[in-house]
>>> print(open('work_26.csv').read())   # CSV, C-alpha atoms
chain,number,residue,atom,x,y,z
A,1,MET,CA,47.6,-30.8,242.5
A,2,LEU,CA,48.5,-33.9,240.4
A,3,TRP,CA,51.0,-36.6,241.4
A,4,LYS,CA,52.1,-39.2,239.0
A,5,GLY,CA,52.5,-42.5,240.7
A,6,GLY,CA,53.3,-44.6,237.7
A,7,LYS,CA,53.0,-44.9,233.9
A,8,ASP,CA,49.2,-45.5,233.9
A,9,TRP,CA,47.8,-43.8,236.9
A,10,VAL,CA,47.8,-40.3,238.5
A,11,LEU,CA,46.5,-38.9,241.8
A,12,GLU,CA,44.6,-35.7,241.8
A,13,PHE,CA,44.2,-33.5,244.9
A,14,PRO,CA,41.6,-30.8,244.6
A,15,ASP,CA,42.4,-29.5,248.1
A,16,ARG,CA,45.8,-28.3,249.0
A,17,SER,CA,45.5,-29.6,252.6
A,18,GLN,CA,45.0,-33.1,251.4
A,19,TRP,CA,48.0,-32.8,249.1
A,20,MET,CA,50.2,-31.7,252.1
A,21,LEU,CA,48.9,-34.6,254.2
A,22,PHE,CA,49.7,-37.1,251.4
A,23,LYS,CA,53.1,-35.6,250.9
A,24,GLU,CA,54.0,-36.0,254.6
A,25,MET,CA,52.7,-39.6,254.7
A,26,HIS,CA,54.6,-40.5,251.5
A,27,GLU,CA,57.8,-39.1,252.8
A,28,GLU,CA,57.5,-41.0,256.1
A,29,CYS,CA,56.8,-44.3,254.3
A,30,TYR,CA,59.7,-43.7,251.9
A,31,ASN,CA,62.1,-43.1,254.8
A,32,ARG,CA,60.9,-46.2,256.6
A,33,ASN,CA,61.4,-48.3,253.6
A,34,VAL,CA,64.9,-46.9,253.0
A,35,ARG,CA,65.9,-47.6,256.6
A,36,ALA,CA,64.5,-51.1,256.5
A,37,ALA,CA,66.4,-51.9,253.3
A,38,SER,CA,69.7,-50.6,254.7
A,39,VAL,CA,69.5,-52.9,257.8
A,40,LYS,CA,71.5,-56.1,257.1
A,41,ASN,CA,70.4,-59.5,258.3
A,42,ILE,CA,72.1,-60.6,261.5
A,43,PRO,CA,74.2,-63.7,260.8
A,44,ILE,CA,73.2,-66.7,262.9
A,45,PRO,CA,76.1,-69.1,263.6
A,46,GLY,CA,75.5,-72.7,262.7
A,47,VAL,CA,75.4,-75.5,265.2
A,48,ARG,CA,77.0,-78.9,264.7
A,49,LEU,CA,76.4,-81.7,267.1
A,50,ILE,CA,79.6,-83.5,268.3
A,51,GLU,CA,79.1,-87.1,269.3
A,52,GLU,CA,80.5,-88.2,272.6
A,53,SER,CA,83.8,-90.2,272.4
A,54,ASP,CA,86.6,-91.2,274.7
A,55,ASP,CA,89.2,-89.3,272.7
A,56,TYR,CA,89.1,-86.5,275.2
A,57,GLY,CA,90.1,-88.6,278.2
A,58,THR,CA,88.4,-88.9,281.5
A,59,GLU,CA,86.4,-86.0,282.9
A,60,VAL,CA,87.9,-84.1,285.8
A,61,PRO,CA,85.3,-82.7,288.3
A,62,PHE,CA,85.5,-79.0,289.0
A,63,LEU,CA,87.1,-78.1,292.4
A,64,ARG,CA,87.1,-74.7,293.9
A,65,ASN,CA,90.6,-73.6,295.0
A,66,SER,CA,89.5,-71.8,298.1
A,67,THR,CA,86.4,-71.0,300.0
A,68,LYS,CA,87.6,-67.5,301.0
A,69,TYR,CA,87.4,-64.4,298.9
A,70,PHE,CA,90.5,-62.3,298.1
A,71,ARG,CA,90.7,-59.4,300.5
A,72,GLN,CA,92.9,-56.4,300.7
A,73,VAL,CA,94.5,-56.6,304.1
A,74,GLN,CA,96.5,-53.4,304.0
A,75,THR,CA,95.0,-49.9,303.6
A,76,ASP,CA,95.9,-47.6,300.8
A,77,VAL,CA,98.3,-45.7,302.9
A,78,GLU,CA,100.0,-48.8,304.2
A,79,MET,CA,100.4,-50.1,300.6
A,80,ALA,CA,101.8,-46.7,299.5
A,81,MET,CA,104.3,-46.7,302.4
A,82,ASP,CA,105.7,-50.1,301.4
A,83,PRO,CA,109.3,-49.3,300.4
A,84,SER,CA,109.3,-52.2,297.8
A,85,HIS,CA,106.6,-50.4,295.8
A,86,THR,CA,107.2,-47.3,293.8
A,87,LEU,CA,103.9,-45.6,293.3
A,88,TYR,CA,105.1,-42.2,292.0
A,89,ASP,CA,104.6,-41.9,288.2
A,90,MET,CA,106.1,-39.2,286.1
A,91,ASP,CA,103.8,-36.6,284.6
A,92,THR,CA,104.1,-33.9,281.9
A,93,ASP,CA,105.7,-31.5,284.4
A,94,ASP,CA,108.4,-34.0,285.3
A,95,GLU,CA,109.2,-34.7,281.6
A,96,GLN,CA,109.4,-31.0,280.8
A,97,TRP,CA,111.6,-30.3,283.8
A,98,LEU,CA,113.9,-33.2,283.0
A,99,MET,CA,114.2,-32.1,279.4
A,100,ALA,CA,115.0,-28.5,280.3
A,101,TYR,CA,117.5,-29.6,282.9
A,102,ARG,CA,119.3,-31.9,280.5
A,103,THR,CA,119.7,-29.1,278.0
A,104,GLY,CA,121.1,-26.5,280.4
A,105,THR,CA,123.3,-28.3,282.9
A,106,ASP,CA,126.3,-30.6,283.2
A,107,GLU,CA,126.2,-33.6,281.0
A,108,ASN,CA,127.5,-36.0,283.6
A,109,ILE,CA,124.7,-35.2,286.1
A,110,CYS,CA,122.1,-35.1,283.3
A,111,GLU,CA,123.0,-38.6,282.1
A,112,GLU,CA,122.8,-39.9,285.7
A,113,ILE,CA,119.3,-38.6,286.3
A,114,SER,CA,117.1,-41.1,284.4
A,115,GLU,CA,113.3,-41.5,284.5
A,116,GLU,CA,113.6,-44.5,286.8
A,117,LEU,CA,115.9,-42.6,289.2
A,118,LEU,CA,113.6,-39.6,289.2
A,119,GLU,CA,110.5,-41.7,290.1
A,120,LYS,CA,112.2,-43.7,292.8
A,121,THR,CA,113.7,-40.6,294.4
A,122,MET,CA,110.4,-38.6,294.3
A,123,ASP,CA,108.6,-41.6,295.7
A,124,MET,CA,111.1,-41.9,298.6
A,125,PHE,CA,110.8,-38.2,299.4
A,126,GLU,CA,107.0,-38.5,299.4
A,127,LYS,CA,107.0,-41.5,301.9
A,128,LEU,CA,109.5,-39.8,304.2
A,129,SER,CA,107.6,-36.6,304.2
A,130,TYR,CA,104.3,-38.3,305.0
A,131,ALA,CA,106.0,-40.3,307.8
A,132,GLN,CA,107.8,-37.4,309.4
A,133,HIS,CA,105.3,-34.7,308.6
A,134,ARG,CA,107.8,-32.3,307.0
A,135,ASP,CA,109.1,-31.5,303.6
A,136,ASN,CA,112.4,-29.9,304.3
A,137,PHE,CA,115.6,-32.1,304.7
A,138,THR,CA,119.2,-31.2,305.1
A,139,ASP,CA,121.9,-32.1,302.6
A,140,ALA,CA,123.3,-34.7,305.0
A,141,GLU,CA,119.9,-36.3,305.3
A,142,ILE,CA,119.4,-36.3,301.5
A,143,GLN,CA,122.8,-37.9,300.9
A,144,GLU,CA,122.1,-40.6,303.5
A,145,LEU,CA,118.7,-41.3,302.1
A,146,CYS,CA,119.9,-41.5,298.5
A,147,ASN,CA,122.9,-43.6,299.3
A,148,GLY,CA,123.3,-46.3,296.7
A,149,MET,CA,120.7,-44.7,294.3
A,150,GLY,CA,122.9,-42.1,292.7
A,151,SER,CA,125.2,-39.2,293.3
A,152,ALA,CA,124.6,-36.6,296.0
A,153,GLU,CA,124.4,-33.8,293.3
A,154,ALA,CA,121.6,-35.6,291.5
A,155,ALA,CA,119.7,-36.3,294.7
A,156,LYS,CA,119.9,-32.5,295.6
A,157,VAL,CA,118.6,-31.5,292.2
A,158,ILE,CA,115.7,-33.9,292.4
A,159,PHE,CA,114.9,-32.8,295.9
A,160,GLU,CA,114.7,-29.2,294.8
A,161,HIS,CA,112.3,-30.2,292.0
A,162,TRP,CA,110.2,-32.3,294.4
A,163,GLN,CA,110.0,-29.5,297.0
A,164,GLU,CA,109.0,-26.9,294.4
A,165,LYS,CA,106.4,-29.1,292.8
A,166,ARG,CA,104.9,-30.1,296.1
A,167,ALA,CA,104.7,-26.5,297.3
A,168,ARG,CA,103.0,-25.6,294.0
A,169,LYS,CA,100.5,-28.4,294.3
A,170,GLY,CA,99.9,-27.8,298.0
A,171,MET,CA,99.5,-31.5,298.8
A,172,PRO,CA,101.3,-34.8,298.5
A,173,LEU,CA,102.2,-35.9,295.0
A,174,VAL,CA,101.2,-39.6,295.5
A,175,ARG,CA,97.4,-40.1,295.3
A,176,HIS,CA,97.3,-42.6,298.1
A,177,LEU,CA,98.8,-40.1,300.5
A,178,GLN,CA,96.5,-37.2,299.6
A,179,PRO,CA,93.7,-36.2,301.8
A,180,PRO,CA,90.1,-36.7,300.6
A,181,LEU,CA,88.7,-34.1,298.3
A,182,TRP,CA,86.1,-32.9,300.8
A,183,GLU,CA,88.9,-32.3,303.4
A,184,ARG,CA,90.9,-30.2,300.9
A,185,TYR,CA,87.8,-28.2,300.1
A,186,GLN,CA,87.1,-27.5,303.7
A,187,GLN,CA,90.7,-26.4,304.2
A,188,GLN,CA,90.3,-24.0,301.2
A,189,LEU,CA,87.1,-22.6,302.7
A,190,LYS,CA,88.8,-22.0,306.1
A,191,GLU,CA,91.7,-20.2,304.4
A,192,TRP,CA,89.2,-18.1,302.4
A,193,GLU,CA,87.2,-17.2,305.5
A,194,HIS,CA,90.4,-16.3,307.4
A,195,SER,CA,91.5,-14.0,304.5
A,196,VAL,CA,88.1,-12.4,304.4
A,197,ALA,CA,88.1,-11.8,308.1
A,198,ARG,CA,91.6,-10.4,308.0
A,199,GLY,CA,90.6,-8.1,305.2
A,200,ASN,CA,87.6,-6.8,307.0
A,201,SER,CA,89.6,-6.1,310.2
A,202,GLY,CA,92.1,-4.1,308.2
A,203,ILE,CA,89.6,-1.3,307.1
A,204,SER,CA,91.2,2.1,307.1
A,205,VAL,CA,89.6,4.5,309.5
A,206,ARG,CA,90.3,7.6,307.4
A,207,THR,CA,89.3,6.4,304.0
A,208,GLN,CA,86.8,3.8,305.1
A,209,GLU,CA,88.0,1.6,302.3
A,210,LYS,CA,88.9,-2.0,302.4
A,211,ALA,CA,90.8,-4.3,300.1
A,212,ALA,CA,89.0,-6.4,297.5
A,213,THR,CA,87.3,-9.4,298.9
A,214,PRO,CA,88.9,-12.7,297.6
A,215,GLU,CA,86.7,-15.0,295.6
A,216,LYS,CA,85.2,-18.0,297.3
A,217,PRO,CA,86.7,-21.3,296.3
A,218,PRO,CA,84.6,-22.8,293.5
A,219,MET,CA,82.9,-26.2,294.2
A,220,PHE,CA,84.0,-29.3,292.3
A,221,ALA,CA,83.1,-32.9,292.2
A,222,PHE,CA,83.2,-34.7,295.6
A,223,CYS,CA,84.0,-31.5,297.4
A,224,LEU,CA,81.2,-32.1,300.0
A,225,LYS,CA,81.6,-34.4,303.0
A,226,PRO,CA,79.8,-37.7,302.3
A,227,ARG,CA,76.8,-38.5,304.4
A,228,GLY,CA,77.1,-41.2,307.0
A,229,LEU,CA,80.5,-40.2,308.3
A,230,ASP,CA,79.1,-38.2,311.3
A,231,ILE,CA,77.8,-40.4,314.1
A,232,PRO,CA,74.5,-39.0,315.3
A,233,ASN,CA,74.4,-38.0,319.0
A,234,LYS,CA,72.3,-39.8,321.6
A,235,GLY,CA,69.9,-37.0,321.8
A,236,SER,CA,68.7,-37.4,318.3
A,237,LYS,CA,68.3,-41.1,318.8
A,238,GLN,CA,66.3,-40.6,322.0
A,239,ARG,CA,64.1,-38.0,320.3
A,240,SER,CA,63.4,-40.2,317.3
A,241,HIS,CA,62.6,-43.1,319.7
A,242,ARG,CA,60.2,-40.9,321.6
A,243,ASN,CA,58.5,-39.9,318.3
A,244,PHE,CA,57.9,-43.5,317.3
A,245,LEU,CA,56.6,-44.3,320.8
A,246,PHE,CA,54.2,-41.4,320.6
A,247,LEU,CA,53.0,-42.6,317.2
A,248,ASP,CA,52.4,-46.1,318.6
A,249,ILE,CA,50.4,-44.8,321.5
A,250,MET,CA,48.2,-42.7,319.1
A,251,LEU,CA,47.6,-45.6,316.8
A,252,HIS,CA,46.6,-47.8,319.8
A,253,LEU,CA,44.2,-45.2,321.1
A,254,GLY,CA,42.6,-44.8,317.7
A,255,ARG,CA,42.0,-48.5,317.3
A,256,SER,CA,40.5,-48.7,320.8
>>> encode(input="work_26.csv", output="structure tokens")
Amino acid sequence: MLWKGGKDWVLEFPDRSQWMLFKEMHEECYNRNVRAASVKNIPIPGVRLIEESDDYGTEVPFLRNSTKYFRQVQTDVEMAMDPSHTLYDMDTDDEQWLMAYRTGTDENICEEISEELLEKTMDMFEKLSYAQHRDNFTDAEIQELCNGMGSAEAAKVIFEHWQEKRARKGMPLVRHLQPPLWERYQQQLKEWEHSVARGNSGISVRTQEKAATPEKPPMFAFCLKPRGLDIPNKGSKQRSHRNFLFLDIMLHLGRS
């Protein structure tokens, strides 16, 4: 194998293995040189010394405003229940519902239901439902709650949308009022176990057939209960204390 490196010189490889080794080395060196040439020099900013002068006035010493850290006094639920804060934010479902409602109902009511009114009304229903532990309100209660916010017809329409969406989600619509993920997963497991037990108890005696077993709820992120929430009982503490005491006695006997 012959390889011409320039005008006046040529490399000859009598063995093919040597030619393959040279070819790999040449390719690696070529790639390194190409990468090194493509890297640009990092610009270094210049430094200019400024002489001291009195043009800037007198120096003011730094004073810390407060020695205390900023702390969150209220919990997430207390902050969410504050009537002066509207935490509900419209999502895609609300936008699609509002668009479909505006195209198929009375124009007077449609113009009255704005995005701001929808968010405030939904937020009010969420707070009231969390405080009273119910999601069903009468027309008189809805009219009294939404007094000054809009017409009674608009409030009833928003209430029906809120009730349907909340039933579909199966939990509060405001994140601060929702239970932890691990509690929701435990509730899903309980419902699944109940449905499985109910299906097994309903086996037909004649056909000896039973209904299809429902699938177990799939696991998701943060679906398990965090460690450290359960307080260990006294028995485990006493057993661990006895174990350490036994180890101390054995070490003392071994030294003696």
>>> closest_residue(input="work_26.csv", among="A:Asp91, A:Glu115, A:Glu78, A:Glu27", to="A:Tyr130", atoms="all atoms listed in the file")
A:Glu78
>>> closest_residue(input="work_26.csv", among="A:Phe222, A:Lys127, A:Glu52, A:Thr103", to="A:Ser84", atoms="all atoms listed in the file")
A:Lys127
>>> atom_distance(input="work_26.csv", atom1="atom CA of A:Pro83", atom2="atom CA of A:Ala167")
23.5 Å
>>> residues_near_point(input="work_26.csv", point="(113.1, -32.2, 304.3)", cutoff="12 Å", atoms="all atoms listed in the file", output="list in words")
Met124, Phe125, Glu126, Lys127, Leu128, Ser129, Tyr130, Ala131, Gln132, His133, Arg134, Asp135, Asn136, Phe137, Thr138, Asp139, Ala140, Glu141, Ile142, Gln143, Leu145, Lys156, Phe159, Glu160, Trp162, Gln163, Glu164 and Arg166 of chain A
>>> atom_distance(input="work_26.csv", atom1="atom CA of A:Pro217", atom2="atom CA of A:Leu181")
13.1 Å
>>> atom_distance(input="work_26.csv", atom1="atom CA of A:Leu21", atom2="atom CA of A:Val34")
20.2 Å
>>> residues_around(input="work_26.csv", residues="A:Met90", least_positions_apart="3", cutoff="12 Å", atoms="all atoms listed in the file", output="mmCIF file with C-alpha atoms, in the coordinates of the input")
data_model
loop_
_atom_site.group_PDB
_atom_site.id
_atom_site.type_symbol
_atom_site.label_atom_id
_atom_site.label_comp_id
_atom_site.auth_asym_id
_atom_site.auth_seq_id
_atom_site.Cartn_x
_atom_site.Cartn_y
_atom_site.Cartn_z
ATOM 1 C CA THR A 86 107.200 -47.300 293.800
ATOM 2 C CA LEU A 87 103.900 -45.600 293.300
ATOM 3 C CA ASP A 93 105.700 -31.500 284.400
ATOM 4 C CA ASP A 94 108.400 -34.000 285.300
ATOM 5 C CA GLU A 95 109.200 -34.700 281.600
ATOM 6 C CA GLN A 96 109.400 -31.000 280.800
ATOM 7 C CA TRP A 97 111.600 -30.300 283.800
ATOM 8 C CA LEU A 98 113.900 -33.200 283.000
ATOM 9 C CA SER A 114 117.100 -41.100 284.400
ATOM 10 C CA GLU A 115 113.300 -41.500 284.500
ATOM 11 C CA GLU A 116 113.600 -44.500 286.800
ATOM 12 C CA LEU A 117 115.900 -42.600 289.200
ATOM 13 C CA LEU A 118 113.600 -39.600 289.200
ATOM 14 C CA GLU A 119 110.500 -41.700 290.100
ATOM 15 C CA LYS A 120 112.200 -43.700 292.800
ATOM 16 C CA THR A 121 113.700 -40.600 294.400
ATOM 17 C CA MET A 122 110.400 -38.600 294.300
ATOM 18 C CA ASP A 123 108.600 -41.600 295.700
ATOM 19 C CA TRP A 162 110.200 -32.300 294.400
ATOM 20 C CA LEU A 173 102.200 -35.900 295.000
ATOM 21 C CA VAL A 174 101.200 -39.600 295.500
#
>>> closest_residue(input="work_26.csv", among="A:Pro179, A:Pro172, A:Glu112, A:Leu189", to="A:Ala152", atoms="only C-alpha atoms")
A:Glu112
